[in-house]
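S.K.: Submitted below is the structure of interest, expressed as structure tokens.
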Amino acid sequence: MTDNMIHVHAEKHPHASDAILHPPTPLHASDEPYTAEQLESLHRDCAEILARYPVKRSALLPILHLVQSVDGYVTGRGVRLCAELLDLSEAEVSGVATFYTQYKRHPNGEYTVGVCTNTLCAIMGGDLIYDRLSEHLGIGHDETTPDGKITLERVECNAGCDYAPVVMANWEFFDNQTPESACALTDDLRAGKDVAPSRGAATVCKFKHVERVLAGFPDGRANEGLGAGGPSIEGLALAKQNDWRAPGAQPTDQDQASALTDEPGGPHTGHPHSSSGEANE
Amino acid sequence: MTTLTPVLTRFWDEPQSWTLETYLRYDGYQALGTAFETEPADLVEQVKSSGLRGRGGAGFPTGLKWSFLPKPDGGPRYLVVNADESEPGTCKDIPLMMAAPHLLVEGAIITSFAIGCNHAFIYLRGEVVHVYRRLMNAVQEAYDAGHLGKNIHGTGFDLDVTVHAGAGAYECGEETALLDSLEGRRGQPRLKPPFPAVEGLYARPTVVNNVESIASVPSIVGNGADWFAGMGTEKSQGFGIFSLSGHVTRPGQYEAPLGITLRELVDMAGGIREGHQLKFWTPGGSSTPIFTDEHWDVPLDFESVAAAGSMLGTRALQIFDETVSVVHAVARWTDFYAHESCGKCTPCREGTFWLKQIMTRLEEGQGTQDDVDKLLDICDNILGRAFCALGDGATSPVTSAIQYFREEFELGMHTPWWEAYPPERSALFPVANKETVSA
């Protein structure tokens, strides 16, 4: 087989009837106890999480994210910590941890790279991206490169369909991807370069860092990145161009000011409703 | 001709649209002041008479949902915002919270005041870390500005908002599964009744509303119920965000009155991908039966879409042109439902498993004579018998695709989809190497 052969319809591609789209992986527990230091900081963070909820069991999902921020996956010792803190059995905690796809059952790479292969993205090119990336990295779904840098995943619809095909890197958006751009993304991540998502923080953070944010601890990066990408404001740009407004809505000074200065959302010439566009399609 | 009505999307093009400072320039938190001068019961009445129906897919009247809460008994009552947007094709709430989280926060405060809630939760899916940052930031800004906390605006009203990140499970978008998940359990649905209005979060009276529904509340309170009801159709009032994706020239978010048509929207989006024609589309996500090129002019409101055999759902218009294999598209959605089935009830757990087996062999051109009827039979055993709407949703693409494209399913008895519909023709980027692998 050649390097860039299209695998989407190869006989042994991952959707063959004897293959599983999302193969389950066994729990990979760690019996090494936390150090006193780790325990102290975990307890401090858990107290902060518990304070957000009137009933303590609600803290379980964020605490599992917190465990991953320390251990890189849901460890046996992490499960025990949750059980002790929340008065649950370890089975109850494991039952929850195994229900959700973001909780990893074995050590995760520094970066989870997830290619959306739900129908819309898959057809717009996500399947071709996944296949190329899988071959480029030499790993399949939920597997990690030998250098521990990249865990590849097929992800379900991540609500960026207007930017299809979408790739997520540690849950930041990489929009309008191609096989080449996705391979370059993983090359850069493996080389330790700063990589900027299309929509998200200025750079992609490491897995453990992101898991700490998901446990509810802000990292001060909320003001980085775009408010909206082109497709998100496609309709708004068109409305401004045509002076369409909701009934009774008077343009505020703000609207007028931004209408004069902004040309968001990419090219709009040739639009059927545009008063100034030149037909180009 | 229907035109766009940017209300929620109005300032998304601002350089720092997500900040309190920007939101205030667009009259942010003005409606909150108005709400605090109104009796809570009148706010509920106002939202009722606006005609706002749930924007998360089911379309249940929002104000009516609020009015189902029992009379206060001194115990806690909760608002839970469903921000678990995961329905395939649906991509409106995530950009809304990324660009304008304060719309949601202000809506949540007004709603909490209206229903007598002192602790609201926003349950965000975990797979969008930057949106979580933006929401936490907006909530903090609202606390700092005195819109949250104790004795807000000197009214004596207290409210805390907790933003909670999920961990990846489509089922948690179902409102009772969401509540179980928020309580720290596996996200599986609850038997109804009791409905969340009576026994919801922590078995207390709870309102669960979609992000876009709650984000629409400030505009209704600020401009009046009649203003909102004046848009849209008689029974599907107001505006909504329509999300166009797939084979259109300019995919994106288009905020318009309900009742706009696909033809109008695709026209605005620059038409179907150049040189191609519409084949099939979803009006509101993968759980809504597909439409075809017979349905260009169906008004996209709850009643008209239902009359034409589908559901308005989340207005997630996934558009596929003639290069796309409908069997492959449906098979992938079926994989999704089988993967996301929570396992609680037999019809869905087992049914989606078997749908997947059959769809896979049809994809590979190895279907049998009976497979199409077998698919319909399995769907018949899931629809209406599953514990929640996930199972029903799994049948929608299958039965509707067979209805419109039965011959393509029959093709699956001998021809693999990739031979009839080479995938490189559907991709949005040029595929240099057209070499194919022989089986």
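Following the order of the structure tokens, chains are lettered A, B, ..., residues in each are numbered from 1, and ligands are numbered from 1.
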Excluding Gly33 (chain B) and any residue of its chain fewer than 2 positions from it, enumerate the residues within 10 Å of it, using only C-alpha atoms, and give them as a VMD selection string.
M.R.: chain B and resid 29 to 31 35 to 38 110 147 153 221 to 222
S.K.: Kindly save the residues from that selection, with C-alpha atoms included, as a PDB file, in the first residue's frame.
M.R.:
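Result went into selection.pdb, see below:
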```pdb
ATOM      1  CA  TYR B  29     -28.391  43.642  31.416  1.00  0.00           C
ATOM      2  CA  GLN B  30     -31.034  46.298  30.619  1.00  0.00           C
ATOM      3  CA  ALA B  31     -33.700  43.595  30.466  1.00  0.00           C
ATOM      4  CA  ALA B  35     -37.367  42.050  34.986  1.00  0.00           C
ATOM      5  CA  PHE B  36     -36.602  43.077  38.565  1.00  0.00           C
ATOM      6  CA  GLU B  37     -39.387  45.677  38.331  1.00  0.00           C
ATOM      7  CA  THR B  38     -41.849  42.988  37.196  1.00  0.00           C
ATOM      8  CA  ILE B 110     -34.118  36.574  34.615  1.00  0.00           C
ATOM      9  CA  HIS B 147     -25.660  40.801  38.701  1.00  0.00           C
ATOM     10  CA  HIS B 153     -29.427  45.115  42.463  1.00  0.00           C
ATOM     11  CA  VAL B 221     -38.441  40.914  28.441  1.00  0.00           C
ATOM     12  CA  GLY B 222     -36.717  43.916  26.893  1.00  0.00           C
TER      13      GLY B 222
END
```
S.K.: Residues of region 35-263 of chain A classed as helix (DSSP H, G or I) by DSSP on the backbone are to be reported as a ChimeraX atom specification.
M.R.: /A:36-50,56-71,76-86,90-97,119-137,161-163,179-190,207-214,231-242,253-261
S.K.: So that I can see what lies close to Gly391 (chain B), please list as a list in words the residues with an atom at most 9 Å from it, counting only C-alpha atoms and leaving out residues fewer than 6 positions away in the same chain.
M.R.: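 The residues satisfying every condition are Tyr337, Ser341, Pro347, Cys348, Arg349, Gly351, Thr352, Cys379, Ile382, Leu383, Gly384 and Arg385 of chain B.
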S.K.: Could you write those residues out with all heavy atoms, as a CSV table (one decimal), in the first residue's frame?
M.R.:
```
chain,number,residue,atom,x,y,z
B,337,TYR,N,-25.7,6.4,17.0
B,337,TYR,CA,-26.8,6.0,18.0
B,337,TYR,C,-26.4,4.8,18.7
B,337,TYR,O,-26.6,4.7,19.9
B,337,TYR,CB,-28.1,5.9,17.3
B,337,TYR,CG,-28.7,7.2,16.8
B,337,TYR,CD1,-28.7,7.6,15.5
B,337,TYR,CD2,-29.2,8.2,17.7
B,337,TYR,CE1,-29.1,8.8,15.0
B,337,TYR,CE2,-29.6,9.4,17.3
B,337,TYR,CZ,-29.6,9.7,15.9
B,337,TYR,OH,-30.1,10.9,15.5
B,341,SER,N,-26.1,5.0,22.6
B,341,SER,CA,-27.2,4.4,23.4
B,341,SER,C,-26.7,4.2,24.8
B,341,SER,O,-25.6,3.6,25.0
B,341,SER,CB,-27.6,3.1,22.7
B,341,SER,OG,-28.6,2.5,23.5
B,347,PRO,N,-35.1,-1.9,23.9
B,347,PRO,CA,-35.3,-1.6,22.5
B,347,PRO,C,-34.2,-0.8,21.8
B,347,PRO,O,-33.8,-1.1,20.7
B,347,PRO,CB,-36.6,-0.8,22.5
B,347,PRO,CG,-37.3,-1.2,23.8
B,347,PRO,CD,-36.2,-1.5,24.7
B,348,CYS,N,-33.7,0.2,22.5
B,348,CYS,CA,-32.7,1.0,22.0
B,348,CYS,C,-31.3,0.4,22.0
B,348,CYS,O,-30.6,0.3,21.0
B,348,CYS,CB,-32.6,2.3,22.8
B,348,CYS,SG,-31.3,3.5,22.3
B,349,ARG,N,-30.9,-0.2,23.2
B,349,ARG,CA,-29.6,-0.9,23.3
B,349,ARG,C,-29.4,-2.0,22.2
B,349,ARG,O,-28.5,-2.0,21.5
B,349,ARG,CB,-29.4,-1.4,24.7
B,349,ARG,CG,-28.1,-2.1,24.9
B,349,ARG,CD,-28.0,-2.8,26.3
B,349,ARG,NE,-29.0,-3.9,26.4
B,349,ARG,CZ,-30.0,-3.9,27.2
B,349,ARG,NH1,-30.3,-3.0,28.0
B,349,ARG,NH2,-30.8,-5.0,27.1
B,351,GLY,N,-31.7,-2.7,19.7
B,351,GLY,CA,-32.1,-2.3,18.4
B,351,GLY,C,-31.1,-1.6,17.6
B,351,GLY,O,-30.8,-1.8,16.4
B,352,THR,N,-30.4,-0.6,18.3
B,352,THR,CA,-29.4,0.1,17.5
B,352,THR,C,-28.2,-0.8,17.2
B,352,THR,O,-27.6,-0.6,16.1
B,352,THR,CB,-28.8,1.3,18.4
B,352,THR,OG1,-28.4,0.9,19.6
B,352,THR,CG2,-29.9,2.4,18.6
B,379,CYS,N,-36.9,-0.9,13.4
B,379,CYS,CA,-37.2,0.5,13.7
B,379,CYS,C,-38.6,0.5,14.3
B,379,CYS,O,-38.9,1.2,15.3
B,379,CYS,CB,-37.2,1.3,12.4
B,379,CYS,SG,-35.6,1.7,11.9
B,382,ILE,N,-38.4,-0.2,17.9
B,382,ILE,CA,-37.7,0.8,18.7
B,382,ILE,C,-38.7,2.0,18.9
B,382,ILE,O,-38.9,2.4,20.1
B,382,ILE,CB,-36.4,1.2,18.1
B,382,ILE,CG1,-35.4,0.1,17.9
B,382,ILE,CG2,-35.8,2.3,19.0
B,382,ILE,CD1,-34.1,0.5,17.1
B,383,LEU,N,-39.2,2.4,17.8
B,383,LEU,CA,-40.0,3.7,17.8
B,383,LEU,C,-41.2,3.6,18.8
B,383,LEU,O,-42.0,2.6,18.7
B,383,LEU,CB,-40.5,4.0,16.4
B,383,LEU,CG,-41.2,5.3,16.3
B,383,LEU,CD1,-40.3,6.5,16.5
B,383,LEU,CD2,-41.9,5.4,14.9
B,384,GLY,N,-41.2,4.5,19.8
B,384,GLY,CA,-42.3,4.5,20.7
B,384,GLY,C,-42.1,3.5,21.8
B,384,GLY,O,-42.9,3.5,22.8
B,385,ARG,N,-41.1,2.6,21.8
B,385,ARG,CA,-40.9,1.6,22.8
B,385,ARG,C,-39.7,1.9,23.6
B,385,ARG,O,-39.4,1.2,24.6
B,385,ARG,CB,-40.8,0.2,22.2
B,385,ARG,CG,-42.2,-0.2,21.6
B,385,ARG,CD,-42.0,-1.6,20.9
B,385,ARG,NE,-43.2,-2.2,20.6
B,385,ARG,CZ,-43.9,-2.0,19.5
B,385,ARG,NH1,-43.5,-1.1,18.6
B,385,ARG,NH2,-45.0,-2.6,19.2
```
S.K.: Only residues of chain A matter here; which ones have an atom within 7 Å of chain B, counting only C-alpha atoms? Give them as a PyMOL selection string.
M.R.: chain A and resi 5-6+9-11+17+52+57-61+96+99-103+118-120+123-125+157-162+171-172+178+200-201+214+218+222+227-228+231-236+239+244-246+264+271-272
S.K.: May I have the residues from that selection written out with N, CA and C atoms, as a compact mmCIF listing (two decimals), in the first residue's frame?
M.R.:
```txt
# COMPACT_ATOMS: atom_id res chain seq x y z
N MET A 5 -2.63 6.33 0.01
CA MET A 5 -3.75 5.58 -0.54
C MET A 5 -5.02 5.90 0.25
N ILE A 6 -6.11 5.93 -0.45
CA ILE A 6 -7.36 6.25 0.24
C ILE A 6 -7.90 5.00 0.93
N HIS A 9 -12.37 3.20 1.84
CA HIS A 9 -13.15 2.05 1.38
C HIS A 9 -12.29 0.80 1.26
N ALA A 10 -11.17 0.80 1.95
CA ALA A 10 -10.34 -0.41 1.94
C ALA A 10 -11.07 -1.52 2.68
N GLU A 11 -10.77 -2.72 2.28
CA GLU A 11 -11.50 -3.84 2.85
C GLU A 11 -11.34 -3.92 4.36
N SER A 17 -17.24 -4.97 8.85
CA SER A 17 -18.24 -5.50 9.78
C SER A 17 -17.61 -6.17 10.99
N ARG A 52 -19.20 24.05 45.24
CA ARG A 52 -20.07 24.55 44.16
C ARG A 52 -21.45 23.90 44.15
N ARG A 57 -22.34 14.49 45.76
CA ARG A 57 -22.08 13.56 44.65
C ARG A 57 -21.95 14.30 43.30
N SER A 58 -22.59 15.49 43.21
CA SER A 58 -22.48 16.27 41.97
C SER A 58 -21.04 16.62 41.63
N ALA A 59 -20.17 16.54 42.63
CA ALA A 59 -18.76 16.89 42.39
C ALA A 59 -18.02 15.77 41.66
N LEU A 60 -18.67 14.63 41.44
CA LEU A 60 -17.92 13.49 40.90
C LEU A 60 -17.35 13.75 39.51
N LEU A 61 -18.17 14.30 38.60
CA LEU A 61 -17.63 14.50 37.25
C LEU A 61 -16.44 15.46 37.24
N VAL A 96 -19.45 5.29 36.79
CA VAL A 96 -19.59 6.62 36.19
C VAL A 96 -18.43 6.89 35.23
N PHE A 99 -18.69 5.44 31.82
CA PHE A 99 -19.84 5.83 30.98
C PHE A 99 -19.48 6.94 29.99
N TYR A 100 -18.54 7.78 30.36
CA TYR A 100 -18.26 9.00 29.60
C TYR A 100 -16.96 8.86 28.81
N THR A 101 -17.02 9.27 27.54
CA THR A 101 -15.87 9.04 26.66
C THR A 101 -14.65 9.89 27.00
N GLN A 102 -14.85 11.02 27.69
CA GLN A 102 -13.68 11.86 27.98
C GLN A 102 -12.82 11.31 29.11
N TYR A 103 -13.38 10.38 29.87
CA TYR A 103 -12.56 9.77 30.93
C TYR A 103 -11.78 8.62 30.32
N ASN A 118 -18.44 11.78 12.52
CA ASN A 118 -19.90 11.68 12.42
C ASN A 118 -20.26 12.06 10.97
N THR A 119 -21.47 11.75 10.56
CA THR A 119 -21.83 11.77 9.14
C THR A 119 -21.39 13.03 8.38
N LEU A 120 -21.76 14.21 8.88
CA LEU A 120 -21.53 15.43 8.10
C LEU A 120 -20.03 15.65 7.88
N ILE A 123 -18.29 12.88 5.67
CA ILE A 123 -18.53 12.98 4.23
C ILE A 123 -17.82 14.20 3.64
N MET A 124 -17.74 15.27 4.40
CA MET A 124 -17.05 16.46 3.89
C MET A 124 -15.53 16.25 3.85
N GLY A 125 -15.08 15.10 4.35
CA GLY A 125 -13.64 14.79 4.26
C GLY A 125 -13.06 14.22 5.54
N CYS A 157 -20.01 14.26 16.72
CA CYS A 157 -20.29 15.65 16.34
C CYS A 157 -19.92 16.61 17.47
N ASN A 158 -19.06 17.57 17.17
CA ASN A 158 -18.60 18.49 18.21
C ASN A 158 -19.19 19.90 18.04
N ALA A 159 -20.30 19.99 17.32
CA ALA A 159 -21.03 21.25 17.17
C ALA A 159 -20.22 22.31 16.44
N GLY A 160 -19.50 21.88 15.42
CA GLY A 160 -18.80 22.84 14.56
C GLY A 160 -19.08 22.53 13.10
N CYS A 161 -20.28 22.03 12.80
CA CYS A 161 -20.60 21.48 11.49
C CYS A 161 -20.42 22.50 10.37
N ASP A 162 -20.64 23.78 10.67
CA ASP A 162 -20.48 24.79 9.62
C ASP A 162 -19.00 25.05 9.31
N TRP A 171 -9.60 19.41 22.74
CA TRP A 171 -10.92 20.06 22.82
C TRP A 171 -10.90 21.53 22.43
N GLU A 172 -9.96 21.88 21.54
CA GLU A 172 -9.99 23.18 20.87
C GLU A 172 -10.28 22.92 19.39
N THR A 178 -7.89 19.57 6.31
CA THR A 178 -7.59 18.67 5.20
C THR A 178 -6.66 17.59 5.77
N GLY A 200 -10.34 29.27 19.74
CA GLY A 200 -9.95 28.77 21.05
C GLY A 200 -8.87 29.64 21.65
N ALA A 201 -8.16 29.09 22.61
CA ALA A 201 -7.08 29.84 23.25
C ALA A 201 -5.96 30.10 22.23
N LEU A 214 -11.36 21.81 32.82
CA LEU A 214 -12.66 21.14 32.80
C LEU A 214 -13.14 20.76 34.20
N PRO A 218 -10.37 28.04 36.22
CA PRO A 218 -10.00 28.89 35.09
C PRO A 218 -8.49 29.06 34.98
N ALA A 222 -9.51 32.99 28.92
CA ALA A 222 -10.84 33.17 28.31
C ALA A 222 -10.85 34.28 27.27
N GLY A 227 -14.02 35.69 18.93
CA GLY A 227 -15.38 35.52 19.43
C GLY A 227 -16.15 34.57 18.54
N ALA A 228 -16.01 34.80 17.25
CA ALA A 228 -16.74 33.99 16.29
C ALA A 228 -15.91 33.86 15.02
N PRO A 231 -18.04 31.48 9.49
CA PRO A 231 -19.38 30.92 9.35
C PRO A 231 -20.35 31.34 10.46
N SER A 232 -19.83 31.53 11.69
CA SER A 232 -20.72 31.91 12.79
C SER A 232 -21.39 33.25 12.53
N ILE A 233 -20.72 34.12 11.76
CA ILE A 233 -21.29 35.45 11.52
C ILE A 233 -21.66 35.64 10.05
N GLU A 234 -21.79 34.55 9.33
CA GLU A 234 -22.17 34.62 7.92
C GLU A 234 -23.53 35.32 7.75
N GLY A 235 -24.51 34.90 8.53
CA GLY A 235 -25.84 35.50 8.44
C GLY A 235 -25.85 36.95 8.88
N LEU A 236 -25.10 37.24 9.94
CA LEU A 236 -25.03 38.61 10.45
C LEU A 236 -24.44 39.54 9.40
N ALA A 239 -26.96 40.20 6.77
CA ALA A 239 -28.02 41.09 7.25
C ALA A 239 -27.53 42.54 7.25
N TRP A 244 -30.89 44.35 6.95
CA TRP A 244 -31.99 43.58 7.52
C TRP A 244 -31.88 43.61 9.03
N ARG A 245 -33.02 43.89 9.69
CA ARG A 245 -33.03 43.90 11.16
C ARG A 245 -34.29 43.23 11.67
N ALA A 246 -34.24 42.84 12.93
CA ALA A 246 -35.46 42.35 13.57
C ALA A 246 -36.45 43.51 13.61
N PRO A 264 -16.92 41.43 8.08
CA PRO A 264 -16.63 40.09 8.59
C PRO A 264 -17.12 39.00 7.66
N HIS A 271 -23.55 37.72 -3.94
CA HIS A 271 -24.66 37.16 -3.23
C HIS A 271 -25.97 37.56 -3.90
N PRO A 272 -26.92 36.63 -3.98
CA PRO A 272 -28.16 36.96 -4.69
C PRO A 272 -28.90 38.17 -4.13
```
S.K.: Calculate how many Å separate CA of Asp377 (chain B) from CA of Thr395 (chain B), rounding to one decimal.
M.R.: 10.4 Å
S.K.: Any idea what's packed within 12 Å of Asp370 (chain B), counting only C-alpha atoms, ignoring anything in its chain fewer than 3 positions away? Could you give it as a VMD selection string?
M.R.: chain B and resid 358 362 366 to 367 373 to 377 409 to 410 412 to 413
S.K.: Selected residues, C-alpha atoms, written as a short mmCIF file (atom, residue, chain, number, x, y, z; two decimals), in the first residue's frame, please.
M.R.:
```cif
data_model
loop_
_atom_site.label_atom_id
_atom_site.label_comp_id
_atom_site.auth_asym_id
_atom_site.auth_seq_id
_atom_site.Cartn_x
_atom_site.Cartn_y
_atom_site.Cartn_z
CA ILE B 358 -27.40 -4.48 8.90
CA LEU B 362 -25.52 -2.78 3.19
CA GLN B 366 -23.28 -7.50 1.21
CA GLY B 367 -26.89 -6.97 2.21
CA ASP B 373 -37.67 -5.00 5.56
CA LYS B 374 -35.66 -6.15 8.55
CA LEU B 375 -34.46 -2.58 9.13
CA LEU B 376 -38.03 -1.31 9.02
CA ASP B 377 -39.13 -4.05 11.40
CA PHE B 409 -30.61 0.38 -0.03
CA GLU B 410 -31.34 -2.37 -2.55
CA GLY B 412 -26.45 -2.40 -1.01
CA MET B 413 -27.18 -6.05 -1.74
#
```
S.K.: Env of Gly107 (chain B): 7 Å cut, atoms = only C-alpha atoms, seq-sep filter 4 positions within chain, self excluded. Answer as a PDB file with N, CA and C atoms, in the first residue's frame.
M.R.:
```pdb
ATOM      1  N   LEU B 103     -25.407  36.764  27.080  1.00  0.00           N
ATOM      2  CA  LEU B 103     -26.824  36.590  26.736  1.00  0.00           C
ATOM      3  C   LEU B 103     -27.426  35.458  27.556  1.00  0.00           C
ATOM      4  N   THR B 111     -34.646  34.244  34.256  1.00  0.00           N
ATOM      5  CA  THR B 111     -35.451  33.028  34.413  1.00  0.00           C
ATOM      6  C   THR B 111     -35.468  32.582  35.872  1.00  0.00           C
ATOM      7  N   ILE B 214     -33.094  30.125  26.668  1.00  0.00           N
ATOM      8  CA  ILE B 214     -32.792  31.037  27.780  1.00  0.00           C
ATOM      9  C   ILE B 214     -32.166  32.326  27.254  1.00  0.00           C
ATOM     10  N   ALA B 215     -31.335  32.215  26.224  1.00  0.00           N
ATOM     11  CA  ALA B 215     -30.692  33.409  25.668  1.00  0.00           C
ATOM     12  C   ALA B 215     -31.701  34.312  24.965  1.00  0.00           C
ATOM     13  N   VAL B 217     -34.646  34.966  26.232  1.00  0.00           N
ATOM     14  CA  VAL B 217     -35.492  35.591  27.263  1.00  0.00           C
ATOM     15  C   VAL B 217     -35.208  37.091  27.439  1.00  0.00           C
ATOM     16  N   PRO B 218     -33.943  37.527  27.521  1.00  0.00           N
ATOM     17  CA  PRO B 218     -33.737  38.977  27.701  1.00  0.00           C
ATOM     18  C   PRO B 218     -34.381  39.813  26.596  1.00  0.00           C
TER      19      PRO B 218
END
```
S.K.: Which residues in region 71-263 of chain B does DSSP call strand (DSSP E or B)? List them as a PyMOL selection string.
M.R.: chain B and resi 78-83+119-124+149+159-165+206-210+232+237+239-246+248+252-257
S.K.: Could you jot down the CA of Gln237 (chain B) to CA of Leu300 (chain B) separation for me, Å, one decimal place?
M.R.: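 Going from CA of Gln237 (chain B) over to CA of Leu300 (chain B), I get 11.4 Å.
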S.K.: Mind pulling up the distance from CA of Arg199 (chain A) to CA of Lys104 (chain A)?
M.R.: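 According to the coordinates, CA of Lys104 (chain A) and CA of Arg199 (chain A) are separated by 24.6 Å.
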S.K.: Which of these residues is nearest to Gly216 (chain A), using only C-alpha atoms: A:Asn242, A:Asn170, A:Thr98, A:Ser69?
M.R.: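 Distance minimum relative to Gly216 (chain A) lands on A:Ser69.
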S.K.: Which residue gives the smallest distance to Ala145 (chain B) among B:Leu20, B:Val211, B:Pro196, B:Ala401, with only C-alpha atoms counted?
M.R.: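 Under the stated criterion, the closest residue is B:Leu20.
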S.K.: Restricting the calculation to only C-alpha atoms: of B:Leu52, B:Asp380, B:Gly57, B:Phe280, which residue gets closest to Ser219 (chain B)?
M.R.: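 Closest candidate: B:Leu52.
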S.K.: Have a look at B:Pro61, B:Pro289, B:Gly200, B:Gly232 and name the one nearest to Gly393 (chain B); count only C-alpha atoms.
M.R.: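 Closest to Gly393 (chain B) of all the choices is B:Pro289.
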S.K.: Between A:Thr75, A:Gln68, A:Gln177, A:Thr151, single out the one closest to Cys121 (chain A), counting only C-alpha atoms.
M.R.: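 Among the listed residues, the smallest separation from Cys121 (chain A) belongs to A:Gln177.
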S.K.: Report as a list in words all protein, DNA and RNA residues lying within 10 Å of Ile129 (chain A), evaluated on only C-alpha atoms, omitting residues in the same chain fewer than 5 positions from it.
M.R.: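 Neighbouring residues, sequence-local ones excluded: Ile6, His7, Val8, Val115, Cys116, Thr117, Cys121, Ala122, Met124, Ser134, Glu135, Pro165, Val166, Val167, Gln177, Thr178, Pro179, Glu180, Ser181, Ala182 and Cys183 of chain A.
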S.K.: For the selection you just gave me, I'd like the residues written to a file as a tab-separated table (two decimals), in the first residue's frame, keeping C-alpha atoms.
M.R.:
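File written: result-v5.tsv
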```tsv
chain	number	residue	atom	x	y	z
A	6	ILE	CA	-7.36	6.25	0.24
A	7	HIS	CA	-8.38	3.90	2.98
A	8	VAL	CA	-11.92	4.94	3.46
A	115	VAL	CA	-11.22	13.73	14.06
A	116	CYS	CA	-14.97	14.19	13.71
A	117	THR	CA	-16.22	11.17	11.79
A	121	CYS	CA	-17.82	15.87	8.81
A	122	ALA	CA	-17.01	12.32	7.63
A	124	MET	CA	-17.05	16.46	3.89
A	134	SER	CA	-4.04	7.11	11.37
A	135	GLU	CA	-1.51	6.00	8.81
A	165	PRO	CA	-14.39	18.92	8.43
A	166	VAL	CA	-13.44	19.57	12.04
A	167	VAL	CA	-10.54	18.22	14.08
A	177	GLN	CA	-9.25	20.72	7.93
A	178	THR	CA	-7.59	18.67	5.20
A	179	PRO	CA	-5.47	15.51	5.52
A	180	GLU	CA	-2.38	17.68	5.05
A	181	SER	CA	-3.33	20.28	7.65
A	182	ALA	CA	-4.19	17.59	10.19
A	183	CYS	CA	-0.87	15.80	9.67
```
